[in-house]
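Participant: Hey, dropping model-v8.pdb in here, PDB, C-alpha atoms:
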```
ATOM      1  CA  MET A1153    -149.503  20.029-176.784
ATOM      2  CA  ALA A1154    -152.369  17.657-177.591
ATOM      3  CA  LEU A1155    -152.147  16.230-174.060
ATOM      4  CA  TYR A1156    -152.632  19.651-172.520
ATOM      5  CA  ARG A1157    -155.626  20.384-174.787
ATOM      6  CA  LEU A1158    -157.140  17.099-173.636
ATOM      7  CA  ILE A1159    -156.518  18.014-169.985
ATOM      8  CA  GLN A1160    -158.189  21.378-170.544
ATOM      9  CA  ARG A1161    -161.234  19.655-172.101
ATOM     10  CA  LEU A1162    -161.407  17.149-169.250
ATOM     11  CA  ARG A1163    -161.470  19.989-166.723
ATOM     12  CA  ASN A1164    -164.808  20.991-168.236
ATOM     13  CA  CYS A1165    -166.258  17.552-167.404
ATOM     14  CA  GLU A1166    -167.614  17.520-163.879
ATOM     15  CA  GLY A1167    -165.791  15.125-161.571
ATOM     16  CA  VAL A1168    -163.057  14.233-164.077
ATOM     17  CA  THR A1169    -159.479  14.961-162.987
ATOM     18  CA  PRO A1170    -156.060  13.828-164.248
ATOM     19  CA  TYR A1171    -155.439  12.306-160.808
ATOM     20  CA  TYR A1172    -157.234   9.370-159.227
ATOM     21  CA  ASP A1173    -156.795   6.276-157.085
ATOM     22  CA  HIS A1174    -157.721   2.643-157.462
ATOM     23  CA  TRP A1175    -157.563  -0.428-155.246
ATOM     24  CA  VAL A1176    -156.188  -3.708-156.659
ATOM     25  CA  ASN A1177    -156.363  -6.826-154.474
ATOM     26  CA  GLY A1178    -156.201  -4.716-151.300
ATOM     27  CA  TYR A1179    -153.352  -2.489-152.490
ATOM     28  CA  HIS A1180    -153.805   1.220-153.098
ATOM     29  CA  PHE A1181    -152.621   2.722-156.396
ATOM     30  CA  VAL A1182    -152.523   6.524-156.362
ATOM     31  CA  ILE A1183    -152.010   8.306-159.670
ATOM     32  CA  MET A1184    -150.952  11.953-159.800
ATOM     33  CA  GLY A1185    -151.548  13.856-163.030
ATOM     34  CA  THR A1186    -150.041  16.872-164.719
ATOM     35  CA  GLU A1187    -152.500  19.750-164.969
ATOM     36  CA  GLY A1188    -150.437  21.925-167.310
ATOM     37  CA  ARG A1189    -146.930  23.326-167.735
ATOM     38  CA  GLY A1190    -145.441  26.003-165.540
ATOM     39  CA  ASP A1191    -142.142  27.869-165.486
ATOM     40  CA  ALA A1192    -139.203  25.968-166.984
ATOM     41  CA  SER A1193    -141.673  23.337-168.259
ATOM     42  CA  ALA A1194    -142.299  22.084-164.714
ATOM     43  CA  PRO A1195    -145.553  20.136-164.396
ATOM     44  CA  VAL A1196    -148.404  22.068-162.755
ATOM     45  CA  VAL A1197    -150.062  20.409-159.768
ATOM     46  CA  SER A1198    -153.124  22.189-158.340
ATOM     47  CA  GLU A1199    -153.772  22.853-154.662
ATOM     48  CA  GLU A1200    -156.797  20.568-155.006
ATOM     49  CA  GLN A1201    -154.551  17.720-156.155
ATOM     50  CA  TRP A1202    -152.088  18.270-153.291
ATOM     51  CA  ALA A1203    -154.953  18.211-150.751
ATOM     52  CA  TRP A1204    -156.397  15.097-152.407
ATOM     53  CA  LEU A1205    -152.978  13.389-152.307
ATOM     54  CA  GLU A1206    -152.530  14.013-148.590
ATOM     55  CA  GLU A1207    -156.044  12.806-147.836
ATOM     56  CA  THR A1208    -155.570   9.719-150.015
ATOM     57  CA  LEU A1209    -152.224   8.771-148.469
ATOM     58  CA  ASN A1210    -153.752   9.202-145.000
ATOM     59  CA  ASP A1211    -156.570   6.755-145.775
ATOM     60  CA  PRO A1212    -156.698   4.334-142.802
ATOM     61  CA  GLU A1213    -157.450   1.502-145.247
ATOM     62  CA  ASN A1214    -153.795   1.703-146.354
ATOM     63  CA  GLY A1215    -152.694   0.311-142.999
ATOM     64  CA  ASN A1216    -149.109  -0.950-143.200
ATOM     65  CA  ASN A1217    -149.465  -2.115-146.794
ATOM     66  CA  PRO A1218    -147.365  -0.575-149.523
ATOM     67  CA  VAL A1219    -149.067   2.256-151.411
ATOM     68  CA  PHE A1220    -148.050   2.628-155.057
ATOM     69  CA  LEU A1221    -147.797   6.289-156.099
ATOM     70  CA  VAL A1222    -147.544   6.744-159.868
ATOM     71  CA  VAL A1223    -146.081  10.026-161.171
ATOM     72  CA  HIS A1224    -144.589  10.898-164.539
ATOM     73  CA  ASN A1225    -141.411  12.686-163.413
ATOM     74  CA  PRO A1226    -139.068  11.572-160.602
ATOM     75  CA  LEU A1227    -138.026  13.454-157.478
ATOM     76  CA  ILE A1228    -134.814  15.486-157.719
ATOM     77  CA  GLY A1229    -131.639  13.653-156.709
ATOM     78  CA  THR A1230    -133.072  10.157-156.704
ATOM     79  CA  VAL A1231    -132.958   7.979-159.846
ATOM     80  CA  THR A1232    -130.524   8.360-162.750
ATOM     81  CA  LEU A1233    -130.877  11.726-164.579
ATOM     82  CA  SER A1234    -133.346  13.034-161.976
ATOM     83  CA  ASP A1235    -131.172  16.094-161.362
ATOM     84  CA  LYS A1236    -131.823  17.139-164.953
ATOM     85  CA  TYR A1237    -135.332  15.813-165.687
ATOM     86  CA  HIS A1238    -137.588  15.931-162.657
ATOM     87  CA  ILE A1239    -140.955  16.887-161.227
ATOM     88  CA  GLY A1240    -139.991  20.569-160.825
ATOM     89  CA  THR A1241    -138.334  22.309-157.875
ATOM     90  CA  GLN A1242    -141.515  23.466-156.122
ATOM     91  CA  ASN A1243    -143.340  20.191-156.727
ATOM     92  CA  ASP A1244    -140.282  18.276-155.529
ATOM     93  CA  ALA A1245    -140.163  20.114-152.190
ATOM     94  CA  ARG A1246    -143.912  19.738-151.684
ATOM     95  CA  LEU A1247    -143.990  16.031-152.526
ATOM     96  CA  LYS A1248    -140.963  15.264-150.352
ATOM     97  CA  GLU A1249    -142.650  17.056-147.442
ATOM     98  CA  ILE A1250    -145.726  14.851-147.862
ATOM     99  CA  LEU A1251    -143.822  11.605-148.431
ATOM    100  CA  LYS A1252    -141.608  11.922-145.356
ATOM    101  CA  ASP A1253    -144.645  10.873-143.282
ATOM    102  CA  HIS A1254    -145.492   7.920-145.535
ATOM    103  CA  LYS A1255    -142.597   5.435-145.553
ATOM    104  CA  ASN A1256    -144.875   2.789-147.083
ATOM    105  CA  VAL A1257    -145.144   4.679-150.383
ATOM    106  CA  ILE A1258    -143.443   3.127-153.402
ATOM    107  CA  MET A1259    -143.235   5.896-156.003
ATOM    108  CA  LEU A1260    -143.089   4.828-159.642
ATOM    109  CA  SER A1261    -141.819   7.189-162.362
ATOM    110  CA  GLY A1262    -140.438   6.752-165.844
ATOM    111  CA  HIS A1263    -139.995  10.114-167.580
ATOM    112  CA  ASN A1264    -136.246   9.673-168.020
ATOM    113  CA  HIS A1265    -136.396   6.458-170.103
ATOM    114  CA  ASN A1266    -133.385   5.052-168.291
ATOM    115  CA  GLY A1267    -134.163   1.416-168.876
ATOM    116  CA  VAL A1268    -133.003  -1.046-166.255
ATOM    117  CA  ILE A1269    -129.645   0.195-165.069
ATOM    118  CA  ASP A1270    -127.470   0.625-162.005
ATOM    119  CA  GLU A1271    -128.289   0.743-158.328
ATOM    120  CA  LYS A1272    -130.360   3.910-158.789
ATOM    121  CA  ALA A1273    -133.252   2.046-160.443
ATOM    122  CA  LEU A1274    -134.533   1.685-156.865
ATOM    123  CA  VAL A1275    -133.760   4.336-154.295
ATOM    124  CA  SER A1276    -134.915   4.097-150.668
ATOM    125  CA  ASN A1277    -134.609   7.207-148.530
ATOM    126  CA  GLU A1278    -136.476   9.468-146.092
ATOM    127  CA  TRP A1279    -139.246   9.921-148.705
ATOM    128  CA  GLY A1280    -140.008   6.221-149.045
ATOM    129  CA  HIS A1281    -138.966   4.316-152.134
ATOM    130  CA  GLN A1282    -138.559   5.582-155.701
ATOM    131  CA  VAL A1283    -138.599   3.160-158.626
ATOM    132  CA  ASP A1284    -137.394   4.174-162.077
ATOM    133  CA  LEU A1285    -139.553   2.254-164.542
ATOM    134  CA  PRO A1286    -138.014   1.126-167.839
ATOM    135  CA  ALA A1287    -139.221   2.327-171.226
ATOM    136  CA  ASN A1288    -139.261   1.021-174.792
ATOM    137  CA  TRP A1289    -137.298   4.034-176.032
ATOM    138  CA  GLN A1290    -134.045   4.383-174.108
ATOM    139  CA  ASN A1291    -131.520   7.158-173.664
ATOM    140  CA  ASP A1292    -127.749   6.879-174.094
ATOM    141  CA  VAL A1293    -127.054   5.975-170.442
ATOM    142  CA  SER A1294    -129.555   3.114-170.296
ATOM    143  CA  ASN A1295    -129.200  -0.603-170.667
ATOM    144  CA  GLN A1296    -129.158  -1.168-174.422
ATOM    145  CA  GLU A1297    -129.947  -4.884-174.255
ATOM    146  CA  GLY A1298    -133.604  -4.407-175.226
ATOM    147  CA  SER A1299    -136.887  -3.398-173.689
ATOM    148  CA  TYR A1300    -137.900  -4.340-170.167
ATOM    149  CA  GLY A1301    -141.153  -4.480-168.278
ATOM    150  CA  THR A1302    -141.587  -4.462-164.527
ATOM    151  CA  CYS A1303    -143.478  -6.961-162.371
ATOM    152  CA  PHE A1304    -144.281  -6.204-158.733
ATOM    153  CA  LYS A1305    -144.825  -9.147-156.379
ATOM    154  CA  VAL A1306    -146.167  -8.014-153.019
ATOM    155  CA  TYR A1307    -145.722 -10.243-149.983
ATOM    156  CA  LYS A1308    -146.579  -9.548-146.351
ATOM    157  CA  ASP A1309    -142.993  -8.547-145.477
ATOM    158  CA  ARG A1310    -141.561  -7.322-148.805
ATOM    159  CA  THR A1311    -142.222  -6.186-152.358
ATOM    160  CA  VAL A1312    -140.124  -7.828-155.063
ATOM    161  CA  ILE A1313    -139.573  -5.876-158.269
ATOM    162  CA  GLU A1314    -138.647  -8.099-161.183
ATOM    163  CA  SER A1315    -137.513  -6.909-164.588
ATOM    164  CA  PHE A1316    -138.918  -8.825-167.509
ATOM    165  CA  SER A1317    -136.817  -8.882-170.687
ATOM    166  CA  TYR A1318    -139.108  -8.754-173.704
ATOM    167  CA  ARG A1319    -136.149  -9.559-175.910
ATOM    168  CA  GLU A1320    -135.394 -12.798-174.061
ATOM    169  CA  THR A1321    -138.978 -13.386-172.829
ATOM    170  CA  ARG A1322    -137.886 -14.096-169.278
ATOM    171  CA  VAL A1323    -137.312 -12.460-165.912
ATOM    172  CA  ASP A1324    -133.830 -10.946-165.751
ATOM    173  CA  TYR A1325    -132.867 -11.618-162.135
ATOM    174  CA  VAL A1326    -129.769  -9.424-162.408
ATOM    175  CA  TYR A1327    -132.119  -6.442-162.090
ATOM    176  CA  THR A1328    -134.405  -7.817-159.356
ATOM    177  CA  LYS A1329    -134.899  -5.386-156.461
ATOM    178  CA  VAL A1330    -136.465  -5.966-153.033
ATOM    179  CA  ILE A1331    -138.182  -3.475-150.740
ATOM    180  CA  GLU A1332    -138.469  -4.778-147.184
ATOM    181  CA  HIS A1333    -141.695  -3.691-145.459
ATOM    182  CA  ASP A1334    -139.909  -2.367-142.379
ATOM    183  CA  TRP A1335    -141.818   0.941-142.176
ATOM    184  CA  ALA A1336    -144.153  -0.364-139.453
ATOM    185  CA  THR A1337    -141.159  -0.662-137.113
ATOM    186  CA  GLN A1338    -139.738   2.779-138.005
ATOM    187  CA  SER A1339    -140.828   5.801-136.028
TER     188      SER A1339
END
```
Take the structure in the file and write it out as structure tokens.

Facilitator:
Amino acid sequence: MALYRLIQRLRNCEGVTPYYDHWVNGYHFVIMGTEGRGDASAPVVSEEQWAWLEETLNDPENGNNPVFLVVHNPLIGTVTLSDKYHIGTQNDARLKEILKDHKNVIMLSGHNHNGVIDEKALVSNEWGHQVDLPANWQNDVSNQEGSYGTCFKVYKDRTVIESFSYRETRVDYVYTKVIEHDWATQS
């Protein structure tokens, strides 16, 4: 509940929102934020945030580069456990509607604490690409070999997602994923 009290206090500060964007070396990072809890504990996303998201994703500066969208909860039916723990039914439908026109979006989420497991750690579909980020605390279906971090290497034609094993202090290539930048050729 402390997080939601903080969000409420931040709303009283002019110009401060729980959502924002930032450019890093020519790549756009777009961060969505929870603005409260709704029915069935679904995150609340305001109409202002939805409008901002669409405007931000439509920024011509994005060009054909990947855009990294950071959200707390995953889309329904994508990564492991996303049918149970997700962004909320209404938010899911709204975000999928927006993302279907932005194939260059790489969406990062980590709410489910899956660790680095199976083929569903990266899902590519009609809504772009969803990446399940690892966590220090892991659930009972996750890789139990220790904590992992994620490194993104962006090239002109692809983004390589490497998993770094903190336990072994090295990249674990078993879990390396690649996203080809083929969205410019898709219509």

Participant: Please compute the atom CA of A:Ser1276-atom CA of A:Asn1256 distance, one decimal, in Å.

Facilitator: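 Separation of atom CA of A:Ser1276 and atom CA of A:Asn1256: 10.7 Å.
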
Participant: For atom CA of A:Tyr1300 and atom CA of A:Val1283, determine how far apart the two atoms are, in Å to one decimal place.

Facilitator: 13.8 Å

Participant: Let me know the residues the PyMOL selection byres ((chain A and resi 1245-1254) around 12) catches in the file above, as an MDAnalysis selection string.

Facilitator: chainID A and resid 1184 1197:1199 1201:1211 1214:1221 1223 1225:1230 1238:1244 1255:1259 1276:1282 1335:1336 1338:1339

Participant: When you count all atoms listed in the file, which of these residues is closest to A:Asp1324: A:Leu1285, A:Ile1183, A:Leu1274, A:Cys1303?

Facilitator: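 Once distances to A:Asp1324 are computed over all atoms listed in the file, the minimum belongs to A:Cys1303.
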
Participant: What is the atom CA of A:Ser1299 to atom CA of A:Ser1317 distance in Å?

Facilitator: 6.3 Å

Participant: Give the centre and edge lengths of an axis-aligned box, in Å to one decimal, that holds all listed atoms of stretch 1193-1202 of chain A with 3 Å on each side, as lines of an AutoDock Vina configuration file.

Facilitator:
```
center_x = -149.2
center_y = 20.5
center_z = -160.8
size_x = 21.1
size_y = 11.6
size_z = 21.0
```

Participant: Would you please work out which residue, of A:Arg1319, A:Val1326, A:Val1312, A:Val1222, is nearest to A:Asp1284 when using only C-alpha atoms?

Facilitator: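 Looking at the shortest contact to A:Asp1284, the residue is A:Val1222.
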
Participant: Please determine, counting all atoms listed in the file, which residue among A:Glu1187, A:Thr1321, A:Thr1328, A:His1174 has the shortest atom-to-atom distance to A:Phe1304.

Facilitator: A:Thr1328

Participant: From the options A:Glu1332, A:Tyr1327, A:Val1275, A:Phe1181, which residue's atoms come nearest to A:Asp1309, counting only C-alpha atoms?

Facilitator: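 Nearest to A:Asp1309: A:Glu1332.
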
Participant: Ranking A:Ile1313, A:Val1168, A:Val1306, A:Val1182 by minimum distance to A:Tyr1325 and counting all atoms listed in the file, which one comes first?

Facilitator: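 Smallest separation from A:Tyr1325 among the options: A:Ile1313.
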
Participant: When distances are computed from all atoms listed in the file, which of A:Glu1213, A:Tyr1179, A:Phe1316, A:Thr1311 shows the smallest separation from A:His1333?

Facilitator: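 Using all atoms listed in the file, A:His1333 sits closest to A:Thr1311.
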